[in-house]
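Next comes data17.pdb, with PDB, C-alpha atoms and all ligand atoms.
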```pdb
ATOM      1  CA  MET V 239     105.703 103.459  99.769
ATOM      2  CA  THR V 240     106.223 101.154 102.746
ATOM      3  CA  PRO V 241     103.171  98.930 103.175
ATOM      4  CA  ALA V 242     102.160  97.050 106.292
ATOM      5  CA  ILE V 243     103.457  93.469 106.033
ATOM      6  CA  ALA V 244     101.737  90.307 107.263
ATOM      7  CA  MET V 245     102.994  86.734 107.147
ATOM      8  CA  THR V 246     101.210  83.397 106.943
ATOM      9  CA  ILE V 247     102.699  80.028 107.889
ATOM     10  CA  GLY V 248     100.642  77.057 106.717
ATOM     11  CA  GLY V 249      99.703  74.634 103.967
ATOM     12  CA  SER V 250      99.120  75.153 100.260
ATOM     13  CA  ASP V 251      95.574  74.460  98.963
ATOM     14  CA  SER V 252      95.777  73.635  95.244
ATOM     15  CA  SER V 253      92.155  74.746  94.751
ATOM     16  CA  GLY V 254      93.054  78.238  95.997
ATOM     17  CA  GLY V 255      90.159  78.670  98.440
ATOM     18  CA  ALA V 256      91.852  77.977 101.773
ATOM     19  CA  GLY V 257      95.373  77.768 103.224
ATOM     20  CA  ILE V 258      98.197  80.003 102.093
ATOM     21  CA  GLN V 259      96.343  81.010  98.931
ATOM     22  CA  ALA V 260      93.303  82.312 100.849
ATOM     23  CA  ASP V 261      95.534  84.155 103.286
ATOM     24  CA  LEU V 262      97.533  85.947 100.573
ATOM     25  CA  LYS V 263      94.327  86.916  98.696
ATOM     26  CA  THR V 264      92.915  88.327 101.911
ATOM     27  CA  PHE V 265      96.069  90.306 102.726
ATOM     28  CA  THR V 266      96.101  91.769  99.221
ATOM     29  CA  SER V 267      92.455  92.769  99.265
ATOM     30  CA  MET V 268      93.134  94.613 102.529
ATOM     31  CA  LYS V 269      96.178  96.362 100.968
ATOM     32  CA  VAL V 270      98.621  94.557 103.224
ATOM     33  CA  TYR V 271     101.763  93.032 101.688
ATOM     34  CA  GLY V 272     101.702  89.269 102.237
ATOM     35  CA  CYS V 273     104.582  86.816 102.633
ATOM     36  CA  SER V 274     104.521  83.132 103.533
ATOM     37  CA  ALA V 275     106.253  79.984 104.748
ATOM     38  CA  ILE V 276     104.802  76.693 103.505
ATOM     39  CA  SER V 277     104.549  73.696 105.860
ATOM     40  CA  CYS V 278     102.959  71.197 103.475
ATOM     41  CA  VAL V 279     101.359  70.894 100.072
ATOM     42  CA  THR V 280      97.824  69.526  99.780
ATOM     43  CA  ALA V 281      96.270  68.119  96.615
ATOM     44  CA  GLN V 282      92.837  69.573  97.306
ATOM     45  CA  ASN V 283      89.702  70.726  95.538
ATOM     46  CA  THR V 284      86.211  71.794  96.565
ATOM     47  CA  LYS V 285      85.348  68.146  97.358
ATOM     48  CA  GLY V 286      88.213  67.374  99.729
ATOM     49  CA  VAL V 287      91.903  66.589 100.166
ATOM     50  CA  SER V 288      93.349  63.644  98.208
ATOM     51  CA  ARG V 289      97.014  63.891  99.241
ATOM     52  CA  VAL V 290      99.274  65.768 101.638
ATOM     53  CA  ASP V 291     103.062  66.113 101.324
ATOM     54  CA  ALA V 292     104.891  67.607 104.283
ATOM     55  CA  LEU V 293     107.991  69.732 103.948
ATOM     56  CA  SER V 294     110.767  69.015 106.431
ATOM     57  CA  PRO V 295     110.886  71.070 109.653
ATOM     58  CA  GLU V 296     114.248  72.432 108.435
ATOM     59  CA  ALA V 297     112.683  73.648 105.172
ATOM     60  CA  LEU V 298     109.933  75.410 107.112
ATOM     61  CA  SER V 299     112.397  76.996 109.564
ATOM     62  CA  ALA V 300     114.548  78.231 106.662
ATOM     63  CA  GLN V 301     111.550  79.951 105.016
ATOM     64  CA  ILE V 302     110.511  81.627 108.263
ATOM     65  CA  SER V 303     114.059  82.778 108.907
ATOM     66  CA  ALA V 304     114.526  84.092 105.347
ATOM     67  CA  VAL V 305     111.426  86.250 105.715
ATOM     68  CA  LEU V 306     111.915  87.453 109.273
ATOM     69  CA  THR V 307     115.581  88.382 108.851
ATOM     70  CA  ASP V 308     114.698  90.699 105.965
ATOM     71  CA  LEU V 309     111.101  91.928 106.018
ATOM     72  CA  PRO V 310     109.576  93.973 108.880
ATOM     73  CA  VAL V 311     106.579  91.705 109.425
ATOM     74  CA  ALA V 312     103.995  93.480 111.614
ATOM     75  CA  ALA V 313     101.711  90.515 112.382
ATOM     76  CA  LEU V 314     101.521  86.837 111.470
ATOM     77  CA  LYS V 315      99.249  83.831 111.506
ATOM     78  CA  THR V 316      99.716  80.083 111.434
ATOM     79  CA  GLY V 317      97.373  77.649 109.703
ATOM     80  CA  MET V 318      97.793  73.983 108.744
ATOM     81  CA  LEU V 319     100.946  72.660 110.465
ATOM     82  CA  LEU V 320     100.192  68.952 109.979
ATOM     83  CA  ASN V 321     102.606  67.229 112.380
ATOM     84  CA  VAL V 322     104.643  67.487 115.578
ATOM     85  CA  GLY V 323     107.940  68.344 113.826
ATOM     86  CA  LEU V 324     106.376  71.263 111.921
ATOM     87  CA  ILE V 325     104.652  72.600 115.045
ATOM     88  CA  GLU V 326     107.901  72.388 117.027
ATOM     89  CA  ALA V 327     109.860  74.114 114.246
ATOM     90  CA  THR V 328     107.287  76.911 114.103
ATOM     91  CA  ALA V 329     107.291  77.386 117.885
ATOM     92  CA  ALA V 330     111.102  77.574 117.940
ATOM     93  CA  ALA V 331     111.331  79.959 114.982
ATOM     94  CA  LEU V 332     108.781  82.381 116.449
ATOM     95  CA  ALA V 333     109.726  82.223 120.125
ATOM     96  CA  ALA V 334     111.702  85.485 120.255
ATOM     97  CA  LEU V 335     109.283  87.449 118.059
ATOM     98  CA  THR V 336     107.014  89.896 119.891
ATOM     99  CA  ILE V 337     104.603  90.925 117.089
ATOM    100  CA  PRO V 338     100.897  89.867 117.219
ATOM    101  CA  LYS V 339     100.632  86.156 116.393
ATOM    102  CA  LEU V 340      97.361  84.452 115.526
ATOM    103  CA  ILE V 341      97.293  80.668 115.855
ATOM    104  CA  ASP V 342      94.561  78.885 113.853
ATOM    105  CA  PRO V 343      94.811  75.273 115.110
ATOM    106  CA  VAL V 344      93.654  73.726 111.817
ATOM    107  CA  MET V 345      92.708  70.068 112.362
ATOM    108  CA  VAL V 346      89.881  68.957 110.047
ATOM    109  CA  SER V 347      88.241  70.698 107.093
ATOM    110  CA  ARG V 348      84.466  71.227 106.959
ATOM    111  CA  ALA V 349      84.433  68.517 104.235
ATOM    112  CA  GLY V 350      85.929  66.074 106.780
ATOM    113  CA  SER V 351      89.536  65.892 105.553
ATOM    114  CA  VAL V 352      92.135  65.393 108.300
ATOM    115  CA  LEU V 353      94.623  68.289 108.281
ATOM    116  CA  LEU V 354      96.529  67.520 111.503
ATOM    117  CA  GLU V 355      97.949  64.156 112.523
ATOM    118  CA  PRO V 356      96.063  63.119 115.712
ATOM    119  CA  SER V 357      99.365  62.632 117.554
ATOM    120  CA  ALA V 358     100.151  66.325 116.990
ATOM    121  CA  ILE V 359      97.194  67.810 118.884
ATOM    122  CA  ALA V 360      99.122  67.876 122.167
ATOM    123  CA  ALA V 361     102.062  69.655 120.492
ATOM    124  CA  TYR V 362      99.874  72.758 120.053
ATOM    125  CA  ARG V 363     100.395  73.404 123.747
ATOM    126  CA  LEU V 364     103.956  74.492 122.800
ATOM    127  CA  LEU V 365     102.691  77.188 120.492
ATOM    128  CA  LEU V 366      99.690  78.534 122.412
ATOM    129  CA  PRO V 367     101.613  80.601 125.011
ATOM    130  CA  GLN V 368     102.986  82.663 122.104
ATOM    131  CA  ALA V 369      99.551  83.470 120.697
ATOM    132  CA  GLU V 370      97.865  86.837 120.918
ATOM    133  CA  LEU V 371      94.773  85.092 119.550
ATOM    134  CA  LEU V 372      93.814  81.428 119.183
ATOM    135  CA  THR V 373      91.017  80.820 116.628
ATOM    136  CA  PRO V 374      89.612  77.276 116.905
ATOM    137  CA  ASN V 375      86.372  76.184 115.257
ATOM    138  CA  LEU V 376      83.921  74.242 117.438
ATOM    139  CA  HIS V 377      85.567  70.873 116.796
ATOM    140  CA  GLU V 378      89.066  72.199 117.475
ATOM    141  CA  ALA V 379      87.899  74.016 120.630
ATOM    142  CA  GLN V 380      86.422  70.758 121.916
ATOM    143  CA  LEU V 381      89.601  68.756 121.223
ATOM    144  CA  LEU V 382      92.008  71.319 122.684
ATOM    145  CA  SER V 383      89.941  72.180 125.776
ATOM    146  CA  GLY V 384      88.448  68.786 126.619
ATOM    147  CA  VAL V 385      85.009  70.447 126.996
ATOM    148  CA  THR V 386      82.158  68.665 125.182
ATOM    149  CA  ILE V 387      80.721  71.167 122.713
ATOM    150  CA  GLU V 388      79.346  69.264 119.752
ATOM    151  CA  ALA V 389      76.950  67.132 121.872
ATOM    152  CA  ALA V 390      76.148  69.870 124.419
ATOM    153  CA  THR V 391      72.525  70.861 125.048
ATOM    154  CA  ASP V 392      73.630  74.369 126.060
ATOM    155  CA  LEU V 393      75.862  75.069 123.073
ATOM    156  CA  GLU V 394      76.678  78.681 123.949
ATOM    157  CA  GLY V 395      77.481  77.774 127.559
ATOM    158  CA  ALA V 396      79.793  74.997 126.386
ATOM    159  CA  VAL V 397      81.599  77.369 124.016
ATOM    160  CA  GLU V 398      82.089  79.903 126.810
ATOM    161  CA  GLN V 399      83.429  77.226 129.154
ATOM    162  CA  ALA V 400      85.798  75.897 126.481
ATOM    163  CA  ALA V 401      87.107  79.404 125.741
ATOM    164  CA  GLN V 402      87.884  79.880 129.434
ATOM    165  CA  ARG V 403      89.812  76.582 129.522
ATOM    166  CA  LEU V 404      91.674  77.483 126.324
ATOM    167  CA  LEU V 405      92.879  80.763 127.844
ATOM    168  CA  GLU V 406      94.456  78.675 130.603
ATOM    169  CA  LEU V 407      96.656  77.041 127.906
ATOM    170  CA  GLY V 408      98.413  80.376 127.504
ATOM    171  CA  SER V 409      97.092  82.478 124.623
ATOM    172  CA  ALA V 410      96.156  86.075 125.452
ATOM    173  CA  ALA V 411      92.761  85.724 123.773
ATOM    174  CA  VAL V 412      90.544  83.107 122.149
ATOM    175  CA  LEU V 413      87.982  83.423 119.360
ATOM    176  CA  VAL V 414      85.801  80.304 119.074
ATOM    177  CA  LYS V 415      84.245  80.247 115.574
ATOM    178  CA  GLY V 416      80.663  79.058 115.268
ATOM    179  CA  GLY V 417      80.437  78.152 111.570
ATOM    180  CA  GLY V 418      80.271  74.399 112.231
ATOM    181  CA  ARG V 419      76.748  74.483 113.668
ATOM    182  CA  PRO V 420      73.650  76.050 112.043
ATOM    183  CA  GLU V 421      72.602  77.690 115.358
ATOM    184  CA  LEU V 422      75.941  79.516 115.628
ATOM    185  CA  ARG V 423      76.732  80.403 111.992
ATOM    186  CA  GLY V 424      78.020  83.966 111.916
ATOM    187  CA  ARG V 425      78.371  83.954 115.715
ATOM    188  CA  ASP V 426      81.853  83.775 117.274
ATOM    189  CA  TYR V 427      82.824  84.085 120.938
ATOM    190  CA  LEU V 428      85.761  86.373 121.809
ATOM    191  CA  LEU V 429      87.368  86.032 125.239
ATOM    192  CA  GLN V 430      90.355  88.176 126.170
ATOM    193  CA  ARG V 431      92.280  87.988 129.417
ATOM    194  CA  HIS V 432      90.953  90.383 132.079
ATOM    195  CA  ALA V 433      87.856  91.281 130.040
ATOM    196  CA  PRO V 434      84.335  89.874 129.859
ATOM    197  CA  GLY V 435      83.690  87.539 126.933
ATOM    198  CA  GLN V 436      81.496  88.727 124.079
ATOM    199  CA  TRP V 437      79.524  87.137 121.253
ATOM    200  CA  LEU V 438      80.258  88.892 117.961
ATOM    201  CA  SER V 439      77.555  88.165 115.428
ATOM    202  CA  HIS V 440      76.268  88.739 111.949
ATOM    203  CA  ALA V 441      73.361  87.021 110.231
ATOM    204  CA  PRO V 442      73.806  83.406 109.089
ATOM    205  CA  ILE V 443      74.261  83.136 105.334
ATOM    206  CA  SER V 444      72.542  80.386 103.417
ATOM    207  CA  THR V 445      75.315  78.926 101.261
ATOM    208  CA  THR V 446      77.259  75.689 100.938
ATOM    209  CA  HIS V 447      80.213  77.627  99.515
ATOM    210  CA  THR V 448      82.172  78.247 102.711
ATOM    211  CA  HIS V 449      85.533  76.691 101.817
ATOM    212  CA  GLY V 450      88.290  78.737 103.406
ATOM    213  CA  SER V 451      86.100  80.820 105.713
ATOM    214  CA  GLY V 452      88.224  80.045 108.786
ATOM    215  CA  CYS V 453      91.526  80.766 107.038
ATOM    216  CA  THR V 454      90.125  83.974 105.574
ATOM    217  CA  LEU V 455      88.840  85.185 108.941
ATOM    218  CA  GLY V 456      92.257  84.573 110.546
ATOM    219  CA  ALA V 457      94.095  86.267 107.687
ATOM    220  CA  ALA V 458      91.782  89.284 107.820
ATOM    221  CA  ILE V 459      92.344  89.665 111.581
ATOM    222  CA  THR V 460      96.115  89.407 110.988
ATOM    223  CA  ALA V 461      95.999  92.018 108.214
ATOM    224  CA  GLN V 462      94.030  94.414 110.388
ATOM    225  CA  ARG V 463      96.465  93.929 113.290
ATOM    226  CA  ALA V 464      99.319  94.688 110.856
ATOM    227  CA  LEU V 465      97.442  97.882 109.932
ATOM    228  CA  GLY V 466      97.255  98.880 113.588
ATOM    229  CA  LEU V 467      93.707  98.115 114.707
ATOM    230  CA  SER V 468      93.189  96.809 118.247
ATOM    231  CA  LEU V 469      92.448  93.098 118.546
ATOM    232  CA  GLN V 470      88.729  93.637 119.088
ATOM    233  CA  GLU V 471      88.480  96.135 116.205
ATOM    234  CA  ALA V 472      90.406  93.722 113.970
ATOM    235  CA  VAL V 473      88.047  90.838 114.741
ATOM    236  CA  ILE V 474      84.974  92.974 114.031
ATOM    237  CA  GLU V 475      86.456  94.213 110.765
ATOM    238  CA  ALA V 476      87.526  90.700 109.744
ATOM    239  CA  LYS V 477      84.036  89.350 110.399
ATOM    240  CA  ARG V 478      82.635  92.100 108.175
ATOM    241  CA  TYR V 479      85.010  90.976 105.411
ATOM    242  CA  VAL V 480      84.095  87.283 105.763
ATOM    243  CA  GLU V 481      80.390  88.098 105.832
ATOM    244  CA  GLY V 482      80.728  89.962 102.538
ATOM    245  CA  GLY V 483      82.807  87.139 101.061
ATOM    246  CA  LEU V 484      80.192  84.547 102.020
ATOM    247  CA  ARG V 485      77.364  86.678 100.606
ATOM    248  CA  SER V 486      79.224  86.703  97.246
ATOM    249  CA  ALA V 487      80.520  83.119  97.592
ATOM    250  CA  LEU V 488      81.706  81.470  94.385
ATOM    251  CA  ALA V 489      79.752  78.462  93.087
ATOM    252  CA  ILE V 490      82.788  76.857  91.455
ATOM    253  CA  GLY V 491      83.724  73.175  91.554
ATOM    254  CA  ALA V 492      81.468  70.240  92.392
ATOM    255  CA  GLY V 493      81.767  70.568  96.177
ATOM    256  CA  HIS V 494      82.027  73.455  98.637
ATOM    257  CA  GLY V 495      83.172  76.493  96.645
ATOM    258  CA  PRO V 496      85.247  79.264  98.201
ATOM    259  CA  LEU V 497      84.078  82.581  99.528
ATOM    260  CA  CYS V 498      84.823  85.565  97.318
ATOM    261  CA  HIS V 499      87.959  87.457  98.309
ATOM    262  CA  TRP V 500      87.434  90.487  96.055
ATOM    263  CA  HIS V 501      83.892  91.479  96.965
ATOM    264  CA  ALA V 502      83.295  95.218  97.346
ATOM    265  CA  TYR V 503      85.067  95.990 100.558
ATOM    266  CA  GLY V 504      85.915  99.301 102.204
ATOM    267  CA  SER V 505      88.361  98.732 105.018
ATOM    268  CA  VAL V 506      88.263 100.892 108.129
ATOM    269  CA  GLY V 507      91.821  99.702 108.770
ATOM    270  CA  GLN V 508      94.282 102.573 108.501
ATOM    271  CA  ARG V 509      97.952 102.087 109.117
ATOM    272  CA  ARG V 510      98.677 103.564 112.507
ATOM    273  CA  ALA V 511     102.024 104.878 113.690
ATOM    274  CA  PRO V 512     103.795 102.159 115.719
TER     275      PRO V 512
HETATM  276  N1  LIG V 601      76.946  79.946 106.761
HETATM  277  C1  LIG V 601      77.566  80.910 107.458
HETATM  278  N2  LIG V 601      76.937  82.082 107.705
HETATM  279  C2  LIG V 601      77.551  83.071 108.375
HETATM  280  N3  LIG V 601      78.801  82.980 108.851
HETATM  281  C3  LIG V 601      79.472  81.833 108.659
HETATM  282  C4  LIG V 601      78.900  80.732 107.960
HETATM  283  N4  LIG V 601      79.820  79.721 107.910
HETATM  284  C5  LIG V 601      80.908  80.182 108.560
HETATM  285  N5  LIG V 601      80.708  81.437 109.022
HETATM  286  C6  LIG V 601      81.664  82.284 109.721
HETATM  287  O1  LIG V 601      82.924  82.073 109.092
HETATM  288  C7  LIG V 601      83.971  82.143 110.033
HETATM  289  C8  LIG V 601      84.764  80.832 110.023
HETATM  290  O2  LIG V 601      84.092  79.911 110.850
HETATM  291  P1  LIG V 601      84.165  78.344 110.736
HETATM  292  O3  LIG V 601      83.572  77.922 109.439
HETATM  293  O4  LIG V 601      83.567  77.799 111.978
HETATM  294  O5  LIG V 601      85.739  78.102 110.726
HETATM  295  P2  LIG V 601      86.616  76.953 110.029
HETATM  296  O6  LIG V 601      86.575  77.235 108.555
HETATM  297  O7  LIG V 601      87.967  77.148 110.634
HETATM  298  O8  LIG V 601      85.971  75.653 110.373
HETATM  299  C9  LIG V 601      83.296  82.446 111.373
HETATM  300  O9  LIG V 601      83.274  83.848 111.575
HETATM  301  C10 LIG V 601      81.886  81.906 111.179
HETATM  302  O10 LIG V 601      80.945  82.498 112.050
HETATM  303  C1  LIG V 602      95.928  73.924 103.209
HETATM  304  C2  LIG V 602      94.703  74.110 104.015
HETATM  305  N1  LIG V 602      94.754  74.829 105.147
HETATM  306  C3  LIG V 602      93.647  75.007 105.894
HETATM  307  C4  LIG V 602      92.439  74.457 105.499
HETATM  308  C5  LIG V 602      91.208  74.647 106.331
HETATM  309  O1  LIG V 602      90.515  75.722 105.819
HETATM  310  P1  LIG V 602      89.249  76.387 106.524
HETATM  311  O2  LIG V 602      89.309  77.837 106.323
HETATM  312  O3  LIG V 602      89.154  75.904 107.923
HETATM  313  O4  LIG V 602      88.073  75.891 105.617
HETATM  314  P2  LIG V 602      87.470  74.482 105.295
HETATM  315  O5  LIG V 602      88.522  73.653 104.623
HETATM  316  O6  LIG V 602      87.006  73.898 106.597
HETATM  317  O7  LIG V 602      86.367  74.810 104.373
HETATM  318  C6  LIG V 602      92.402  73.736 104.311
HETATM  319  N2  LIG V 602      91.247  73.188 103.861
HETATM  320  N3  LIG V 602      93.542  73.567 103.576
END
```

Taking this structure as input, can you express it in the form of structure tokens?
Amino acid sequence: MTPAIAMTIGGSDSSGGAGIQADLKTFTSMKVYGCSAISCVTAQNTKGVSRVDALSPEALSAQISAVLTDLPVAALKTGMLLNVGLIEATAAALAALTIPKLIDPVMVSRAGSVLLEPSAIAAYRLLLPQAELLTPNLHEAQLLSGVTIEAATDLEGAVEQAAQRLLELGSAAVLVKGGGRPELRGRDYLLQRHAPGQWLSHAPISTTHTHGSGCTLGAAITAQRALGLSLQEAVIEAKRYVEGGLRSALAIGAGHGPLCHWHAYGSVGQRRAP
């Protein structure tokens, strides 16, 4: 059996709900073989992040190289990259690779923990031209685009304007995630080059247990791209997976628990011939 293979490059979350752990759980539940390269290790639980230790850029590059020189990775995603050196190492290691790449520009967790050094925001511009899909949340979209979203009176209009600006930074498509605001929960805006933008929506889910929802969405899109779905099909399928995970979210820990990665899920994703 030769499974589809997906890779994640990002940080470890000791509580298991976000980061590399969430990505690998998502890949597995979609029957995609998962491999990883770790940028940093967080001491984290459902209440927040208490410590972050970065690996060296050389250690990250070596992991990426070890995987890519051996395994036929069909799609990959990046998550928490923490600092300029790790972003630069990732951009260099992936530059010649033509598979679908999803860039999740992780900056701050919903609980308010800082996951990217402020001086590193500009460095993302190096990585964005390589992206098939950029997946910022509202806060990240505002910081990367310069468009005011969080204080906007016309929230949807601001999101659409920010997505347009973000495309100009070089990614082929942008998905702005709406989970950070009650009015937009479950609603994400997809804008692809040369196509009209579209709001993709499911009902908002009343839960505080949303830890890892952004990572899980990105990993599910990556898995579905590895299985051969088109980008739009992959986003729709990934949203279906996250919706189910949030409906069965796990009330564990004293803070924001994780969504459930093993909820009953029937994937439409079939491996397609390359
Ligand atoms: N309470 C909720 N109800 C429905 N969907 C949600 C809810 N919270 C988050 N989502 C969805 O989860 C995904 C991740 O979004 P978001 O939480 O904004 O990302 P991040 O975790 O990167 O901040 C998006 O598809 C968003 O619409
Ligand atoms: C190690 C690590 N990577 C990414 C995140 C952010 O996860 P996300 O899915 O955006 O969910 P919240 O943390 O906002 O709930 C993280 N926390 N840790």

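Computed from the coordinates, the CA of Ala492 (chain V) to CA of Tyr479 (chain V) distance equals 24.7 Å.
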
Quick one: which chain V residues come within 6 Å of ligand LIG 601 (chain V), and what is the nearest atom pair for each with the distance in Å to one decimal, counting all atoms listed in the file, rows ordered by chain and ascending number, as CSV?
```
residue,atom,partner,partner_atom,distance
V:Arg348,CA,V:LIG601,O8,5.8
V:Asn375,CA,V:LIG601,O4,4.6
V:Lys415,CA,V:LIG601,O4,4.4
V:Gly416,CA,V:LIG601,O4,4.6
V:Gly417,CA,V:LIG601,O4,3.2
V:Gly418,CA,V:LIG601,O4,4.7
V:Arg423,CA,V:LIG601,C3,4.5
V:Gly424,CA,V:LIG601,O10,3.3
V:Arg425,CA,V:LIG601,O10,4.7
V:Asp426,CA,V:LIG601,O10,5.5
V:Pro442,CA,V:LIG601,N2,3.7
V:Ile443,CA,V:LIG601,N2,3.7
V:Ser444,CA,V:LIG601,N1,5.5
V:Thr445,CA,V:LIG601,N1,5.8
V:Thr448,CA,V:LIG601,N4,5.9
V:Gly450,CA,V:LIG601,O6,5.6
V:Ser451,CA,V:LIG601,C8,4.5
V:Gly452,CA,V:LIG601,O6,3.3
V:Leu455,CA,V:LIG601,C7,5.8
V:Lys477,CA,V:LIG601,O9,5.7
```

_Residues matched by the PyMOL selection byres (((not hetatm)) within 7 of (chain V and resi 602)) as a PyMOL selection string_ = chain V and resi 248-251+256-258+279-280+317-318+344+346-349+448-454

*What is the distance between CA of Ala396 (chain V) and CA of Ala433 (chain V), in Å to one decimal?*
18.5 Å

*What does the distance from CA of Gly350 (chain V) to CA of Trp500 (chain V) come to in Å, to one decimal?*
26.7 Å

Determine the residue membership of the PyMOL selection byres (((chain V and resi 311) around 6) and not hetatm) for the file above and supply it as a compact mmCIF listing (two decimals) with C-alpha atoms, in the coordinates of the input.
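Written file, result_26.txt:
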```txt
# COMPACT_ATOMS: atom_id res chain seq x y z
CA ILE V 243 103.46 93.47 106.03
CA ALA V 244 101.74 90.31 107.26
CA LEU V 309 111.10 91.93 106.02
CA PRO V 310 109.58 93.97 108.88
CA ALA V 312 104.00 93.48 111.61
CA ALA V 313 101.71 90.52 112.38
```

Ground truth for the PyMOL selection byres (((chain V and resi 470) around 10) and not hetatm), written as a PDB file with C-alpha atoms, in the frame of the given file:
```
ATOM      1  CA  LEU V 428      85.761  86.373 121.809  1.00  0.00           C
ATOM      2  CA  LEU V 429      87.368  86.032 125.239  1.00  0.00           C
ATOM      3  CA  GLN V 430      90.355  88.176 126.170  1.00  0.00           C
ATOM      4  CA  LEU V 438      80.258  88.892 117.961  1.00  0.00           C
ATOM      5  CA  ILE V 459      92.344  89.665 111.581  1.00  0.00           C
ATOM      6  CA  ARG V 463      96.465  93.929 113.290  1.00  0.00           C
ATOM      7  CA  LEU V 467      93.707  98.115 114.707  1.00  0.00           C
ATOM      8  CA  SER V 468      93.189  96.809 118.247  1.00  0.00           C
ATOM      9  CA  LEU V 469      92.448  93.098 118.546  1.00  0.00           C
ATOM     10  CA  GLU V 471      88.480  96.135 116.205  1.00  0.00           C
ATOM     11  CA  ALA V 472      90.406  93.722 113.970  1.00  0.00           C
ATOM     12  CA  VAL V 473      88.047  90.838 114.741  1.00  0.00           C
ATOM     13  CA  ILE V 474      84.974  92.974 114.031  1.00  0.00           C
ATOM     14  CA  GLU V 475      86.456  94.213 110.765  1.00  0.00           C
ATOM     15  CA  ALA V 476      87.526  90.700 109.744  1.00  0.00           C
TER      16      ALA V 476
END
```

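Using all atoms listed in the file for every distance, the candidate list V:Ile341, V:Ala458, V:Ile387, V:Glu296 yields V:Ala458 as the residue closest to Arg478 (chain V).
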
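Of the listed residues (V:Thr446, V:Ser294, V:Thr373, V:Ser357), V:Thr446 comes nearest to Leu488 (chain V); the distances count all atoms listed in the file.
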
_Among the residues V:Ser351, V:Leu405, V:Gln282, V:Pro367, the one that comes closest to Ala329 (chain V) [using all atoms listed in the file]_ = V:Pro367
